[in-house]
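Since the structure comes first, as structure tokens, the remarks are kept for the end.
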Amino acid sequence: MTSETHILRAALWMLGAIGSFSAMAIAGREAGSTLDTFEIMTYRSLVGVAIVVTVITATGNWHAVKGQRLGQHLIRNLAHFTGQNLWFFAVTMIPLAQVFALEFTSPLWVVVLSPLILGERLTRIRAFSAILGFVGILIVARPSPDSLNAGVITAASCAIFFALTVMFTKRLTRHEGIASILFWLTSMQLVMGLVMSGYDGVIALPDVTTLPWVLTIGVAGLAAHFCFTKALSLAPATAVVPIDFARLPVIAILAMLIYGEAVVIWTFVGAAVIFAANYLNILEAAGKLGRKRPTSS
């Protein structure tokens, strides 16, 4: 199979990821009108557990679910649980395009934090990409007494916790497969959701109107990550990431049509800067920067 075919297949998987992420954002906003973020995460995890357990049982893959690194799973899932709660809160507070633009800074936080957590070297190019990305954050957020609010702060903060999730996942994948990681992800976060949503003694049940949105969140959440992972297995990040950034115009158009949200040019300008920073980092990681040209003999 040619590389062009692999890239085409990766692009088709990325269409699935883009659609799934967009569906989850819209479903999260709709469900957020009657459920708090902890309740949303509880039901998302419940749907996730049902799907993961069914798939593992059907494929006879329970032997792949390991319990030797529950502490690492717990730390990873606490980071993801926190980030996802912040994300669900943000989609109910600010324009969806702004949420997605700020979420795209997550890889830049990986660059900043990986020397501390993974022991990776912070090169000059990676440092520059991080600085450039934070310039993009300022363009998107345009901090001022009028524009800086809880939604912007939580959207920017969720990217940090998603970055932590990526790094802890990277450590886990050295020893465990996707079945084990997804099982502990959904089951641990179900317990976390029950604890946090039930702290006041009341867990709201989704009504007939909200239930389809809750189911959409659960299915779309797993589908988005599966499609994205599948795309990365078929093509390099240099090909996949530019497609992923198509999420921004897609969600901007959907939000305009469904919620009447204005398309703000500065969101796209800032997102373009964030994309440039991410892509610069990817090129450096792929070894496509800083190579010396061969001298002619």
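Each chain in the structure tokens gets a letter, A, B and so on, in the order shown; residues start at 1 in every chain, and ligands are counted from 1 in the order they appear.
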Quiz item: If you count only C-alpha atoms, which residues fall within 9 Å of Ser157 (chain A), apart from same-chain ones fewer than 4 positions away, as a PyMOL selection string?
Solution: chain A and resi 83+86-87+102-103+152-153+161-162
Quiz item: Which residues come within 12 Å of Leu70 (chain A), counting only C-alpha atoms, excluding same-chain residues fewer than 2 positions away, as a list of chain:residue names?
Solution: A:Val65, A:Lys66, A:Gly67, A:Gln68, A:Gln72, A:His73, A:Leu74, A:Ile75, A:Arg76, A:Asn77, A:Leu78, A:Leu172, A:Glu176, A:Ser180, A:Ile181, A:Phe183, A:Trp184, A:Leu185, A:Ser187, A:Met188
Selection: 12 Å around Arg9 (chain A), only C-alpha atoms, excl. self and same-chain fewer than 4 positions, as a short mmCIF file (atom, residue, chain, number, x, y, z; two decimals) with N, CA, C and O atoms, in the first residue's frame:
data_model
loop_
_atom_site.label_atom_id
_atom_site.label_comp_id
_atom_site.auth_asym_id
_atom_site.auth_seq_id
_atom_site.Cartn_x
_atom_site.Cartn_y
_atom_site.Cartn_z
N MET A 1 0.84 -1.20 0.00
CA MET A 1 0.00 0.00 0.00
C MET A 1 0.88 1.25 0.00
O MET A 1 1.80 1.35 0.79
N THR A 2 0.62 2.19 -0.91
CA THR A 2 1.46 3.38 -1.05
C THR A 2 1.23 4.35 0.10
O THR A 2 0.22 4.30 0.81
N SER A 3 2.20 5.28 0.28
CA SER A 3 2.07 6.28 1.33
C SER A 3 0.88 7.19 1.07
O SER A 3 0.22 7.65 2.00
N GLU A 4 0.59 7.46 -0.24
CA GLU A 4 -0.56 8.30 -0.57
C GLU A 4 -1.86 7.64 -0.13
O GLU A 4 -2.77 8.31 0.37
N THR A 5 -1.93 6.32 -0.27
CA THR A 5 -3.12 5.59 0.16
C THR A 5 -3.27 5.64 1.68
O THR A 5 -4.37 5.82 2.21
N TRP A 13 -10.23 8.74 8.42
CA TRP A 13 -10.37 8.53 9.86
C TRP A 13 -10.46 9.86 10.59
O TRP A 13 -11.21 10.00 11.57
N MET A 14 -9.70 10.86 10.11
CA MET A 14 -9.73 12.17 10.76
C MET A 14 -11.08 12.86 10.55
O MET A 14 -11.51 13.64 11.40
N LEU A 15 -11.75 12.58 9.45
CA LEU A 15 -13.10 13.11 9.27
C LEU A 15 -14.02 12.57 10.37
O LEU A 15 -14.87 13.29 10.89
N GLY A 16 -13.82 11.28 10.70
CA GLY A 16 -14.59 10.70 11.80
C GLY A 16 -14.26 11.35 13.13
O GLY A 16 -15.15 11.61 13.95
N CYS A 227 -10.66 7.17 16.34
CA CYS A 227 -10.39 7.63 14.97
C CYS A 227 -9.06 8.36 14.89
O CYS A 227 -8.28 8.18 13.94
N PHE A 228 -8.78 9.20 15.89
CA PHE A 228 -7.53 9.97 15.90
C PHE A 228 -6.33 9.03 16.02
O PHE A 228 -5.33 9.18 15.30
N LYS A 230 -6.25 5.86 15.19
CA LYS A 230 -6.16 5.08 13.95
C LYS A 230 -5.49 5.89 12.85
O LYS A 230 -4.66 5.36 12.09
N ALA A 231 -5.82 7.17 12.77
CA ALA A 231 -5.20 8.03 11.75
C ALA A 231 -3.70 8.14 11.97
O ALA A 231 -2.91 8.07 11.01
N LEU A 232 -3.29 8.29 13.23
CA LEU A 232 -1.86 8.40 13.54
C LEU A 232 -1.12 7.09 13.26
O LEU A 232 0.09 7.11 12.99
N SER A 233 -1.83 5.97 13.31
CA SER A 233 -1.19 4.69 13.01
C SER A 233 -0.98 4.50 11.51
O SER A 233 -0.18 3.66 11.09
N LEU A 234 -1.69 5.29 10.69
CA LEU A 234 -1.60 5.16 9.24
C LEU A 234 -0.70 6.20 8.59
O LEU A 234 -0.13 5.97 7.53
N ALA A 235 -0.58 7.37 9.23
CA ALA A 235 0.18 8.46 8.62
C ALA A 235 0.92 9.22 9.71
O ALA A 235 0.51 9.20 10.88
N ALA A 239 1.14 14.88 8.73
CA ALA A 239 -0.01 14.82 7.83
C ALA A 239 -1.33 14.88 8.58
O ALA A 239 -2.31 15.43 8.08
N VAL A 240 -1.36 14.31 9.79
CA VAL A 240 -2.62 14.20 10.54
C VAL A 240 -3.00 15.50 11.22
O VAL A 240 -4.17 15.92 11.18
#
Quiz prompt | Nearby residues (only C-alpha atoms) at most 6 Å from Phe38 (chain A), same-chain spacing under 3 positions excluded, as a ChimeraX atom specification | solution = /A:41,193,197
At a cut-off of 10 Å, can you tabulate as JSON lines every residue of region 127-197 of chain A near region 205-226 of chain A together with its closest atom pair and the distance in Å to one decimal, using only C-alpha atoms and ordering rows by chain then number?
{"residue": "A:Ile178", "atom": "CA", "partner": "A:Phe226", "partner_atom": "CA", "distance": 9.6}
{"residue": "A:Leu182", "atom": "CA", "partner": "A:Leu222", "partner_atom": "CA", "distance": 8.9}
{"residue": "A:Thr186", "atom": "CA", "partner": "A:Leu222", "partner_atom": "CA", "distance": 9.8}
Quiz item: Using only C-alpha atoms, which of the listed residues (A:His175, A:Arg126, A:His80, A:Arg121) sits closest to Ile160 (chain A)?
Solution: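 Smallest separation from Ile160 (chain A) among the options: A:His80.
Proximity ranking of A:Ala237, A:Ile137, A:Cys158, A:Ile131 relative to Asn85 (chain A) places A:Cys158 first, based on only C-alpha atoms.
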If you count only C-alpha atoms, which residues fall within 8 Å of Gly28 (chain A), apart from same-chain ones fewer than 2 positions away, as an mmCIF file with C-alpha atoms, in the first residue's frame?
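So the final result, stored in selection-v1.cif, reads:
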data_model
loop_
_atom_site.group_PDB
_atom_site.id
_atom_site.type_symbol
_atom_site.label_atom_id
_atom_site.label_comp_id
_atom_site.auth_asym_id
_atom_site.auth_seq_id
_atom_site.Cartn_x
_atom_site.Cartn_y
_atom_site.Cartn_z
ATOM 1 C CA MET A 24 -19.389 15.905 21.690
ATOM 2 C CA ALA A 25 -19.056 19.687 22.003
ATOM 3 C CA ILE A 26 -22.628 20.319 20.868
ATOM 4 C CA GLU A 30 -27.068 20.760 25.341
ATOM 5 C CA ALA A 31 -26.642 18.360 28.268
ATOM 6 C CA GLY A 32 -25.106 21.145 30.344
ATOM 7 C CA ILE A 40 -22.122 14.544 32.480
ATOM 8 C CA PHE A 88 -17.494 20.620 29.393
ATOM 9 C CA VAL A 91 -18.419 24.726 26.045
ATOM 10 C CA THR A 92 -21.400 26.092 27.995
ATOM 11 C CA TRP A 213 -27.192 14.005 24.263
ATOM 12 C CA VAL A 214 -25.628 11.974 27.089
ATOM 13 C CA ILE A 217 -21.219 12.258 24.493
#
Practice problem: Would you mind writing down, as a PyMOL selection string, each residue of region 57-270 of chain A that DSSP on the backbone assigns to helix (DSSP H, G or I)? | Solution: chain A and resi 57-59+62-64+70-91+96-103+106-117+124-141+150-172+178-197+211-234+237-244+247-259+265-270
Quiz item: Of the residues A:Leu122, A:Leu283, A:Leu254, A:Ala156, which is the one nearest to Val110 (chain A), using only C-alpha atoms?
Solution: A:Leu122
Self-check item: d(CA of Gly119 (chain A), CA of Arg171 (chain A)) in Å
Solution: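 Between CA of Gly119 (chain A) and CA of Arg171 (chain A) the gap works out to 11.4 Å.
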Quiz item: With only C-alpha atoms as the atoms that count, which of A:Val111, A:Gly198, A:Gly136, A:Ala141 lies nearest to Arg124 (chain A)?
Solution: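 Once distances to Arg124 (chain A) are computed over only C-alpha atoms, the minimum belongs to A:Val111.
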Quiz item: What is the CA of Ala285 (chain A)-CA of Leu164 (chain A) distance in Å, reported with one decimal?
Solution: 18.7 Å
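Among the candidate residues A:Gly151, A:Pro236, A:Gly133, A:Pro95, the one lying nearest to Tyr259 (chain A) is A:Pro95, with distances computed using only C-alpha atoms.
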